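A.B. asks: One file is attached below, upload_18.txt, containing compact mmCIF, C-alpha atoms.
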# COMPACT_ATOMS: atom_id res chain seq x y z
CA MET S 1 -3.73 -11.70 -43.94
CA GLY S 2 -0.80 -10.30 -41.95
CA GLN S 3 1.10 -12.17 -39.25
CA TRP S 4 -0.70 -10.36 -36.44
CA ASP S 5 -4.10 -11.08 -38.00
CA ARG S 6 -3.23 -14.77 -38.20
CA PHE S 7 -1.89 -14.76 -34.65
CA LEU S 8 -4.96 -13.04 -33.17
CA GLU S 9 -7.61 -14.94 -35.15
CA PRO S 10 -7.84 -17.87 -32.66
CA TYR S 11 -8.18 -15.34 -29.81
CA LYS S 12 -11.09 -13.66 -31.58
CA GLN S 13 -12.73 -17.04 -32.09
CA ALA S 14 -12.17 -17.97 -28.44
CA VAL S 15 -13.74 -14.74 -27.17
CA SER S 16 -16.73 -15.18 -29.47
CA GLU S 17 -17.29 -18.80 -28.41
CA LEU S 18 -16.75 -18.16 -24.70
CA LYS S 19 -19.17 -15.22 -24.70
CA VAL S 20 -21.87 -17.50 -26.10
CA LYS S 21 -21.10 -20.22 -23.55
CA LEU S 22 -20.92 -17.91 -20.53
CA LYS S 23 -24.07 -16.04 -21.54
CA GLY S 24 -25.66 -19.46 -21.92
CA MET S 25 -25.05 -20.08 -18.22
CA ARG S 26 -27.19 -17.05 -17.39
CA ALA S 27 -29.92 -18.20 -19.78
CA GLN S 28 -30.03 -21.60 -18.06
CA PHE S 29 -30.70 -19.95 -14.68
CA GLU S 30 -33.48 -17.90 -16.25
CA ARG S 31 -35.10 -20.99 -17.80
CA ASP S 32 -35.05 -22.64 -14.37
CA ASN S 33 -36.68 -19.51 -12.86
CA THR S 34 -33.66 -19.20 -10.60
CA ASN S 35 -31.85 -15.98 -9.73
CA SER S 36 -28.77 -15.85 -11.91
CA PRO S 37 -25.43 -15.01 -10.29
CA ILE S 38 -24.40 -13.61 -13.70
CA GLU S 39 -25.67 -10.16 -14.63
CA PHE S 40 -23.97 -9.92 -18.02
CA VAL S 41 -20.85 -10.97 -19.93
CA THR S 42 -18.47 -8.95 -22.10
CA GLY S 43 -15.33 -9.87 -23.99
CA ARG S 44 -12.56 -8.40 -26.09
CA VAL S 45 -9.24 -9.16 -27.74
CA LYS S 46 -6.46 -6.89 -26.44
CA PRO S 47 -5.61 -4.17 -29.01
CA LEU S 48 -2.15 -4.27 -30.59
CA ALA S 49 -1.18 -1.04 -28.83
CA SER S 50 -1.90 -2.66 -25.46
CA ILE S 51 -0.01 -5.81 -26.44
CA TYR S 52 2.94 -3.61 -27.42
CA ASP S 53 2.86 -1.78 -24.06
CA LYS S 54 2.68 -5.07 -22.18
CA SER S 55 5.56 -6.56 -24.20
CA LEU S 56 7.73 -3.56 -23.27
CA GLU S 57 6.76 -3.93 -19.62
CA LYS S 58 7.71 -7.61 -19.64
CA GLY S 59 10.84 -7.15 -21.75
CA ILE S 60 9.79 -9.48 -24.57
CA LEU S 61 9.87 -8.98 -28.33
CA PHE S 62 6.77 -7.46 -29.86
CA GLU S 63 6.14 -10.18 -32.39
CA PRO S 64 3.70 -13.09 -32.69
CA SER S 65 5.29 -15.98 -30.79
CA ASP S 66 4.65 -18.71 -28.23
CA THR S 67 6.65 -16.67 -25.73
CA LEU S 68 4.40 -13.64 -26.14
CA ALA S 69 1.30 -15.85 -25.89
CA GLN S 70 2.51 -17.32 -22.59
CA GLU S 71 3.77 -14.07 -21.09
CA ILE S 72 0.59 -12.12 -21.91
CA PRO S 73 -2.21 -14.50 -20.90
CA ASP S 74 -4.98 -11.88 -21.16
CA ILE S 75 -4.83 -11.25 -24.93
CA ALA S 76 -8.28 -12.83 -24.88
CA GLY S 77 -10.27 -11.33 -22.04
CA LEU S 78 -13.77 -11.81 -20.70
CA ARG S 79 -15.66 -10.16 -17.85
CA MET S 80 -18.54 -11.66 -15.94
CA MET S 81 -20.55 -9.12 -13.93
CA CYS S 82 -22.43 -10.08 -10.78
CA GLN S 83 -24.96 -8.17 -8.71
CA PHE S 84 -23.65 -9.35 -5.36
CA VAL S 85 -20.23 -10.21 -3.93
CA ASP S 86 -21.43 -13.68 -2.90
CA ASP S 87 -22.34 -14.40 -6.53
CA ILE S 88 -18.66 -14.25 -7.49
CA GLU S 89 -17.81 -17.42 -5.56
CA THR S 90 -20.83 -19.14 -7.15
CA VAL S 91 -19.55 -18.26 -10.62
CA VAL S 92 -16.02 -19.38 -9.76
CA VAL S 93 -17.33 -22.79 -8.63
CA LEU S 94 -19.35 -23.13 -11.84
CA LEU S 95 -16.31 -22.35 -13.97
CA ARG S 96 -14.13 -24.82 -12.08
CA ALA S 97 -16.68 -27.54 -12.85
CA ARG S 98 -16.63 -27.01 -16.62
CA ASN S 99 -14.81 -29.56 -18.78
CA ASP S 100 -14.38 -27.30 -21.82
CA ILE S 101 -11.79 -25.10 -20.10
CA ARG S 102 -8.75 -25.80 -17.95
CA ILE S 103 -8.02 -23.49 -15.02
CA VAL S 104 -4.37 -22.47 -15.11
CA GLU S 105 -4.29 -19.85 -12.36
CA GLU S 106 -6.61 -18.01 -10.00
CA ARG S 107 -6.03 -14.63 -8.40
CA ASP S 108 -8.34 -13.43 -5.65
CA TYR S 109 -8.16 -9.63 -5.58
CA ILE S 110 -11.35 -9.46 -3.52
CA SER S 111 -10.04 -11.07 -0.36
CA HIS S 112 -6.62 -9.60 -1.15
CA LYS S 113 -7.24 -6.26 -2.84
CA LYS S 114 -4.49 -4.45 -4.70
CA GLN S 115 -2.84 -1.44 -3.07
CA SER S 116 -4.75 0.85 -5.43
CA GLY S 117 -8.04 -0.48 -4.05
CA TYR S 118 -8.75 -2.69 -7.09
CA ARG S 119 -10.99 -5.69 -6.42
CA SER S 120 -11.89 -8.50 -8.80
CA TYR S 121 -11.47 -12.26 -9.18
CA HIS S 122 -9.21 -13.35 -12.05
CA MET S 123 -8.99 -16.77 -13.65
CA ILE S 124 -6.43 -17.64 -16.31
CA ILE S 125 -7.81 -20.48 -18.40
CA GLU S 126 -6.67 -22.62 -21.30
CA TYR S 127 -9.29 -23.00 -24.02
CA PRO S 128 -9.12 -25.27 -27.10
CA VAL S 129 -9.96 -23.51 -30.37
CA GLN S 130 -10.87 -25.72 -33.31
CA THR S 131 -9.46 -24.55 -36.66
CA ILE S 132 -9.16 -26.10 -40.12
CA HIS S 133 -5.50 -26.73 -39.26
CA GLY S 134 -6.29 -28.53 -36.02
CA GLU S 135 -6.76 -27.61 -32.38
CA ILE S 136 -5.00 -24.61 -30.85
CA ASN S 137 -4.90 -24.18 -27.08
CA ILE S 138 -4.85 -20.54 -26.10
CA LEU S 139 -4.79 -18.70 -22.79
CA ALA S 140 -7.58 -16.34 -21.81
CA GLU S 141 -8.42 -14.34 -18.71
CA ILE S 142 -11.85 -14.23 -17.10
CA GLN S 143 -12.48 -11.40 -14.65
CA ILE S 144 -15.42 -11.79 -12.28
CA ARG S 145 -16.57 -8.74 -10.38
CA THR S 146 -19.61 -6.83 -9.16
CA LEU S 147 -21.11 -3.88 -11.01
CA ALA S 148 -19.68 -1.52 -8.39
CA MET S 149 -16.20 -3.04 -8.72
CA ASN S 150 -16.45 -2.73 -12.49
CA PHE S 151 -17.46 0.94 -12.30
CA TRP S 152 -14.44 1.71 -10.10
CA ALA S 153 -12.06 -0.31 -12.30
CA SER S 154 -13.26 1.46 -15.46
CA ILE S 155 -12.61 4.89 -13.93
CA GLU S 156 -9.21 3.83 -12.57
CA HIS S 157 -8.27 2.42 -15.98
CA SER S 158 -9.07 5.72 -17.71
CA LEU S 159 -7.12 7.74 -15.14
CA ASN S 160 -4.22 5.33 -15.43
CA TYR S 161 -3.88 6.19 -19.11
CA LYS S 162 -4.13 9.90 -18.39
CA TYR S 163 -1.41 9.86 -15.73
CA LYS S 164 0.72 7.09 -17.30
CA GLY S 165 0.37 5.01 -14.14
CA ILE S 166 1.78 7.75 -11.88
CA PHE S 167 -1.17 9.23 -10.02
CA PRO S 168 -1.00 12.51 -8.08
CA GLU S 169 -1.22 11.72 -4.38
CA GLU S 170 -4.62 13.39 -4.02
CA ILE S 171 -6.09 11.34 -6.89
CA LYS S 172 -4.56 8.15 -5.48
CA LYS S 173 -6.15 8.75 -2.06
CA ARG S 174 -9.53 9.55 -3.55
CA LEU S 175 -9.44 6.42 -5.70
CA GLN S 176 -8.64 4.31 -2.63
CA TYR S 177 -11.48 5.97 -0.74
CA ALA S 178 -13.86 5.41 -3.67
CA ALA S 179 -12.83 1.74 -3.84
CA GLU S 180 -13.73 1.26 -0.18
CA ALA S 181 -17.01 3.13 -0.69
CA ALA S 182 -17.86 0.86 -3.64
CA PHE S 183 -17.10 -2.23 -1.56
CA ARG S 184 -19.25 -0.93 1.31
CA LEU S 185 -22.05 -0.45 -1.22
CA ASP S 186 -21.65 -4.08 -2.30
CA GLU S 187 -21.78 -5.21 1.32
CA GLU S 188 -24.90 -3.14 2.06
CA MET S 189 -26.67 -4.48 -1.03
CA SER S 190 -25.80 -8.03 0.03
CA LEU S 191 -27.60 -7.44 3.34
CA ILE S 192 -30.88 -6.76 1.51
CA ARG S 193 -30.25 -9.26 -1.29
CA GLY S 194 -33.52 -11.08 -0.71
CA GLU S 195 -35.59 -7.91 -0.93
CA ILE S 196 -33.80 -6.81 -4.09
CA GLN S 197 -34.26 -10.13 -5.88
CA GLU S 198 -37.91 -10.34 -4.84
CA ALA S 199 -38.51 -6.84 -6.19
CA GLN S 200 -36.72 -7.66 -9.45
CA LYS S 201 -38.80 -10.82 -9.90
CA TYR S 202 -42.00 -8.90 -9.19
CA PHE S 203 -41.05 -6.20 -11.70
CA SER S 204 -40.16 -8.74 -14.38
CA GLU S 205 -43.37 -10.74 -13.96
CA ASN S 206 -45.63 -7.69 -13.94
CA LYS S 207 -43.82 -6.14 -16.90
CA GLU S 208 -44.60 -9.25 -18.97
CA LEU S 209 -48.23 -9.33 -17.82
CA SER S 210 -48.71 -5.68 -18.78
CA HIS S 211 -47.17 -6.33 -22.21
CA PRO S 212 -48.82 -9.48 -23.66
CA ASN S 213 -46.67 -9.32 -26.79
CA LEU S 214 -43.54 -9.74 -24.66
CA LEU S 215 -44.99 -12.82 -22.95
CA GLU S 216 -46.03 -14.29 -26.29
CA SER S 217 -42.56 -13.68 -27.72
CA LYS S 218 -40.94 -15.31 -24.65
CA ASN S 219 -43.17 -18.38 -24.98
CA GLU S 220 -42.28 -18.68 -28.66
CA ARG S 221 -38.56 -18.60 -27.82
CA GLU S 222 -39.05 -21.28 -25.17
CA GLY S 223 -41.22 -23.41 -27.50
CA THR S 224 -44.31 -23.31 -25.25
Starting from the coordinates I provided, produce the structure as structure tokens.
C.D. replies:
Amino acid sequence: MGQWDRFLEPYKQAVSELKVKLKGMRAQFERDNTNSPIEFVTGRVKPLASIYDKSLEKGILFEPSDTLAQEIPDIAGLRMMCQFVDDIETVVVLLRARNDIRIVEERDYISHKKQSGYRSYHMIIEYPVQTIHGEINILAEIQIRTLAMNFWASIEHSLNYKYKGIFPEEIKKRLQYAAEAAFRLDEEMSLIRGEIQEAQKYFSENKELSHPNLLESKNEREGT
């Protein structure tokens, strides 16, 4: 195993464990028949090429080290998607209450959007990874955003690679306009939140009733 493999192994373990734990939060809401503020969870370990780019940007050596681990706190990254803007604060409060992570830093890019139009809520956390050589505390970043925010961010990320971070003025303006349109969509959906959740519950219940095998499978999973 090479030095980078050894260095990144705890990050891979952290992402795997945190995905299970964060998805478990959603499952708990479902078992309580409560609307979950979490739509879904994804995670990844930053590719070496991205770590290299970030090390150049920060002026640090591209080599496994404590300095690199501290200067690039999002080597392990997770995203928690929410249906509604208000759900983001709910998720943040839930994460703050956990005793298996330590919040290092919070960045609210929803109340204070970036100039590009980017919106999301970022939390840098410290997470203890258990290994055969003892405990390793690593940094990870959790991004919490709505589906609309995530769609915009994914498009902006792709364009950023294409234009090397230097957008033509027309593209920059359209991205900013699209970001505001996405946020207006979030706000409009929040106004009819109750209707949406009622419809989703109705659809879910009737889907199970029309497919008895699905209901039977669900009961087996829940031990009923």
A.B. asks: Sort by chain and increasing residue number a table of all residues of region 38-90 of chain S within 12 Å of region 1-23 of chain S, each with its closest pair of atoms and their distance in Å to one decimal, counting all atoms listed in the file, and write it as JSON lines.
C.D. replies:
{"residue": "S:Ile38", "atom": "CA", "partner": "S:Lys23", "partner_atom": "CA", "distance": 8.2}
{"residue": "S:Glu39", "atom": "CA", "partner": "S:Lys23", "partner_atom": "CA", "distance": 9.2}
{"residue": "S:Phe40", "atom": "CA", "partner": "S:Lys23", "partner_atom": "CA", "distance": 7.1}
{"residue": "S:Val41", "atom": "CA", "partner": "S:Lys23", "partner_atom": "CA", "distance": 6.2}
{"residue": "S:Thr42", "atom": "CA", "partner": "S:Lys19", "partner_atom": "CA", "distance": 6.8}
{"residue": "S:Gly43", "atom": "CA", "partner": "S:Val15", "partner_atom": "CA", "distance": 6.0}
{"residue": "S:Arg44", "atom": "CA", "partner": "S:Val15", "partner_atom": "CA", "distance": 6.5}
{"residue": "S:Val45", "atom": "CA", "partner": "S:Lys12", "partner_atom": "CA", "distance": 6.2}
{"residue": "S:Lys46", "atom": "CA", "partner": "S:Leu8", "partner_atom": "CA", "distance": 9.2}
{"residue": "S:Pro47", "atom": "CA", "partner": "S:Leu8", "partner_atom": "CA", "distance": 9.8}
{"residue": "S:Leu48", "atom": "CA", "partner": "S:Trp4", "partner_atom": "CA", "distance": 8.6}
{"residue": "S:Ile51", "atom": "CA", "partner": "S:Trp4", "partner_atom": "CA", "distance": 11.0}
{"residue": "S:Tyr52", "atom": "CA", "partner": "S:Trp4", "partner_atom": "CA", "distance": 11.8}
{"residue": "S:Phe62", "atom": "CA", "partner": "S:Trp4", "partner_atom": "CA", "distance": 10.4}
{"residue": "S:Glu63", "atom": "CA", "partner": "S:Trp4", "partner_atom": "CA", "distance": 8.0}
{"residue": "S:Pro64", "atom": "CA", "partner": "S:Phe7", "partner_atom": "CA", "distance": 6.2}
{"residue": "S:Ser65", "atom": "CA", "partner": "S:Phe7", "partner_atom": "CA", "distance": 8.2}
{"residue": "S:Asp66", "atom": "CA", "partner": "S:Phe7", "partner_atom": "CA", "distance": 10.0}
{"residue": "S:Leu68", "atom": "CA", "partner": "S:Phe7", "partner_atom": "CA", "distance": 10.6}
{"residue": "S:Ala69", "atom": "CA", "partner": "S:Phe7", "partner_atom": "CA", "distance": 9.4}
{"residue": "S:Pro73", "atom": "CA", "partner": "S:Tyr11", "partner_atom": "CA", "distance": 10.8}
{"residue": "S:Asp74", "atom": "CA", "partner": "S:Tyr11", "partner_atom": "CA", "distance": 9.9}
{"residue": "S:Ile75", "atom": "CA", "partner": "S:Tyr11", "partner_atom": "CA", "distance": 7.2}
{"residue": "S:Ala76", "atom": "CA", "partner": "S:Tyr11", "partner_atom": "CA", "distance": 5.5}
{"residue": "S:Gly77", "atom": "CA", "partner": "S:Val15", "partner_atom": "CA", "distance": 7.1}
{"residue": "S:Leu78", "atom": "CA", "partner": "S:Val15", "partner_atom": "CA", "distance": 7.1}
{"residue": "S:Arg79", "atom": "CA", "partner": "S:Lys19", "partner_atom": "CA", "distance": 9.2}
{"residue": "S:Met80", "atom": "CA", "partner": "S:Leu22", "partner_atom": "CA", "distance": 8.1}
{"residue": "S:Met81", "atom": "CA", "partner": "S:Lys23", "partner_atom": "CA", "distance": 10.9}
A.B. asks: At a cut-off of 12 Å, can you tabulate as JSON lines every residue of region 61-145 of chain S near region 150-160 of chain S together with its closest atom pair and the distance in Å to one decimal, using all atoms listed in the file and ordering rows by chain then number?
C.D. replies:
{"residue": "S:Arg79", "atom": "CA", "partner": "S:Asn150", "partner_atom": "CA", "distance": 9.2}
{"residue": "S:Met80", "atom": "CA", "partner": "S:Asn150", "partner_atom": "CA", "distance": 9.8}
{"residue": "S:Met81", "atom": "CA", "partner": "S:Asn150", "partner_atom": "CA", "distance": 7.7}
{"residue": "S:Cys82", "atom": "CA", "partner": "S:Asn150", "partner_atom": "CA", "distance": 9.6}
{"residue": "S:Gln83", "atom": "CA", "partner": "S:Asn150", "partner_atom": "CA", "distance": 10.8}
{"residue": "S:Val85", "atom": "CA", "partner": "S:Asn150", "partner_atom": "CA", "distance": 12.0}
{"residue": "S:Lys114", "atom": "CA", "partner": "S:Ala153", "partner_atom": "CA", "distance": 11.5}
{"residue": "S:Ser116", "atom": "CA", "partner": "S:Glu156", "partner_atom": "CA", "distance": 8.9}
{"residue": "S:Gly117", "atom": "CA", "partner": "S:Trp152", "partner_atom": "CA", "distance": 9.1}
{"residue": "S:Tyr118", "atom": "CA", "partner": "S:Ala153", "partner_atom": "CA", "distance": 6.6}
{"residue": "S:Arg119", "atom": "CA", "partner": "S:Ala153", "partner_atom": "CA", "distance": 8.0}
{"residue": "S:Ser120", "atom": "CA", "partner": "S:Asn150", "partner_atom": "CA", "distance": 8.2}
{"residue": "S:Tyr121", "atom": "CA", "partner": "S:Asn150", "partner_atom": "CA", "distance": 11.3}
{"residue": "S:Gln143", "atom": "CA", "partner": "S:Asn150", "partner_atom": "CA", "distance": 9.8}
{"residue": "S:Ile144", "atom": "CA", "partner": "S:Asn150", "partner_atom": "CA", "distance": 9.1}
{"residue": "S:Arg145", "atom": "CA", "partner": "S:Asn150", "partner_atom": "CA", "distance": 6.4}
A.B. asks: If you take every atom of region 21-24 of chain S that the file lists and fit an axis-aligned box around them with 6 Å extra on each side, what centre and edge lengths come out in Å to one decimal, as AutoDock Vina command-line options?
C.D. replies:
--center_x -23.3 --center_y -18.1 --center_z -22.0 --size_x 16.7 --size_y 16.2 --size_z 15.0
A.B. asks: Enter the distance from CA of Val104 (chain S) to CA of Ile72 (chain S), in Å, rounded to one decimal.
C.D. replies: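 Those two atoms sit 13.3 Å apart.
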A.B. asks: Quick check, in Å to one decimal: how far apart do CA of Pro37 (chain S) and CA of Met25 (chain S) lie?
C.D. replies: 9.4 Å
A.B. asks: What does the distance from CA of Glu169 (chain S) to CA of Glu188 (chain S) come to in Å, to one decimal?
C.D. replies: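 If I compute the distance from CA of Glu169 (chain S) to CA of Glu188 (chain S), I get 28.7 Å.
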A.B. asks: Choose the residue, out of S:Lys201, S:Met149, S:Ile125, S:Lys164, that has the smallest atom-to-atom separation from Ala181 (chain S); count all atoms listed in the file.
C.D. replies: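 That would be S:Met149, the residue with the smallest distance to Ala181 (chain S).
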A.B. asks: What lies within 7 Å of Ser36 (chain S) using all atoms listed in the file, ignoring chain neighbours under 4 positions off, as a list in words?
C.D. replies: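 These residues fall inside the cut-off: Arg26, Phe29 and Glu30 of chain S.
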A.B. asks: Could you add whatever atoms are missing so that region 12-23 of chain S carries all heavy atoms, then write the result as a compact mmCIF listing (two decimals), keeping the file's coordinate frame?
C.D. replies:
# COMPACT_ATOMS: atom_id res chain seq x y z
N LYS S 12 -9.77 -14.21 -31.25
CA LYS S 12 -11.09 -13.66 -31.58
C LYS S 12 -12.15 -14.75 -31.55
O LYS S 12 -13.26 -14.55 -31.04
CB LYS S 12 -11.05 -12.99 -32.96
CG LYS S 12 -10.16 -11.77 -33.03
CD LYS S 12 -10.09 -11.22 -34.44
CE LYS S 12 -9.15 -10.01 -34.54
NZ LYS S 12 -9.03 -9.50 -35.93
N GLN S 13 -11.79 -15.92 -32.09
CA GLN S 13 -12.73 -17.04 -32.09
C GLN S 13 -13.03 -17.49 -30.67
O GLN S 13 -14.18 -17.78 -30.32
CB GLN S 13 -12.14 -18.21 -32.90
CG GLN S 13 -13.09 -19.40 -33.02
CD GLN S 13 -12.52 -20.50 -33.91
OE1 GLN S 13 -11.76 -20.23 -34.84
NE2 GLN S 13 -12.88 -21.74 -33.62
N ALA S 14 -11.99 -17.54 -29.83
CA ALA S 14 -12.17 -17.97 -28.44
C ALA S 14 -13.11 -17.02 -27.69
O ALA S 14 -14.01 -17.46 -26.97
CB ALA S 14 -10.82 -18.05 -27.74
N VAL S 15 -12.89 -15.73 -27.85
CA VAL S 15 -13.74 -14.74 -27.17
C VAL S 15 -15.18 -14.89 -27.63
O VAL S 15 -16.13 -14.87 -26.82
CB VAL S 15 -13.22 -13.31 -27.42
CG1 VAL S 15 -14.24 -12.28 -26.95
CG2 VAL S 15 -11.90 -13.09 -26.69
N SER S 16 -15.37 -15.03 -28.93
CA SER S 16 -16.73 -15.18 -29.47
C SER S 16 -17.41 -16.43 -28.91
O SER S 16 -18.57 -16.38 -28.48
CB SER S 16 -16.65 -15.27 -31.00
OG SER S 16 -17.94 -15.45 -31.56
N GLU S 17 -16.70 -17.55 -28.90
CA GLU S 17 -17.29 -18.80 -28.41
C GLU S 17 -17.55 -18.75 -26.90
O GLU S 17 -18.61 -19.19 -26.43
CB GLU S 17 -16.35 -19.97 -28.73
CG GLU S 17 -16.25 -20.28 -30.21
CD GLU S 17 -15.27 -21.41 -30.51
OE1 GLU S 17 -14.76 -22.03 -29.55
OE2 GLU S 17 -15.00 -21.66 -31.70
N LEU S 18 -16.60 -18.21 -26.15
CA LEU S 18 -16.75 -18.16 -24.70
C LEU S 18 -17.87 -17.22 -24.28
O LEU S 18 -18.58 -17.48 -23.30
CB LEU S 18 -15.43 -17.76 -24.05
CG LEU S 18 -14.37 -18.86 -24.02
CD1 LEU S 18 -12.99 -18.29 -23.67
CD2 LEU S 18 -14.75 -19.96 -23.04
N LYS S 19 -18.06 -16.13 -25.01
CA LYS S 19 -19.17 -15.22 -24.70
C LYS S 19 -20.50 -15.95 -24.84
O LYS S 19 -21.39 -15.81 -23.98
CB LYS S 19 -19.13 -13.99 -25.62
CG LYS S 19 -18.11 -12.95 -25.20
CD LYS S 19 -17.94 -11.87 -26.26
CE LYS S 19 -19.19 -11.07 -26.47
NZ LYS S 19 -18.98 -9.97 -27.46
N VAL S 20 -20.64 -16.73 -25.90
CA VAL S 20 -21.87 -17.50 -26.10
C VAL S 20 -22.06 -18.50 -24.95
O VAL S 20 -23.16 -18.63 -24.39
CB VAL S 20 -21.85 -18.24 -27.46
CG1 VAL S 20 -23.02 -19.22 -27.56
CG2 VAL S 20 -21.90 -17.24 -28.61
N LYS S 21 -21.01 -19.20 -24.59
CA LYS S 21 -21.10 -20.22 -23.55
C LYS S 21 -21.40 -19.61 -22.17
O LYS S 21 -22.23 -20.14 -21.42
CB LYS S 21 -19.81 -21.03 -23.49
CG LYS S 21 -19.59 -21.92 -24.71
CD LYS S 21 -18.31 -22.74 -24.58
CE LYS S 21 -18.15 -23.68 -25.77
NZ LYS S 21 -16.97 -24.56 -25.64
N LEU S 22 -20.72 -18.52 -21.84
CA LEU S 22 -20.92 -17.91 -20.53
C LEU S 22 -22.28 -17.22 -20.43
O LEU S 22 -22.92 -17.25 -19.37
CB LEU S 22 -19.79 -16.93 -20.24
CG LEU S 22 -18.38 -17.54 -20.20
CD1 LEU S 22 -17.33 -16.48 -19.91
CD2 LEU S 22 -18.30 -18.68 -19.18
N LYS S 23 -22.72 -16.61 -21.52
CA LYS S 23 -24.07 -16.04 -21.54
C LYS S 23 -25.11 -17.15 -21.44
O LYS S 23 -26.19 -16.96 -20.86
CB LYS S 23 -24.29 -15.22 -22.81
CG LYS S 23 -23.53 -13.91 -22.85
CD LYS S 23 -23.77 -13.17 -24.16
CE LYS S 23 -22.99 -11.86 -24.20
NZ LYS S 23 -23.21 -11.14 -25.50
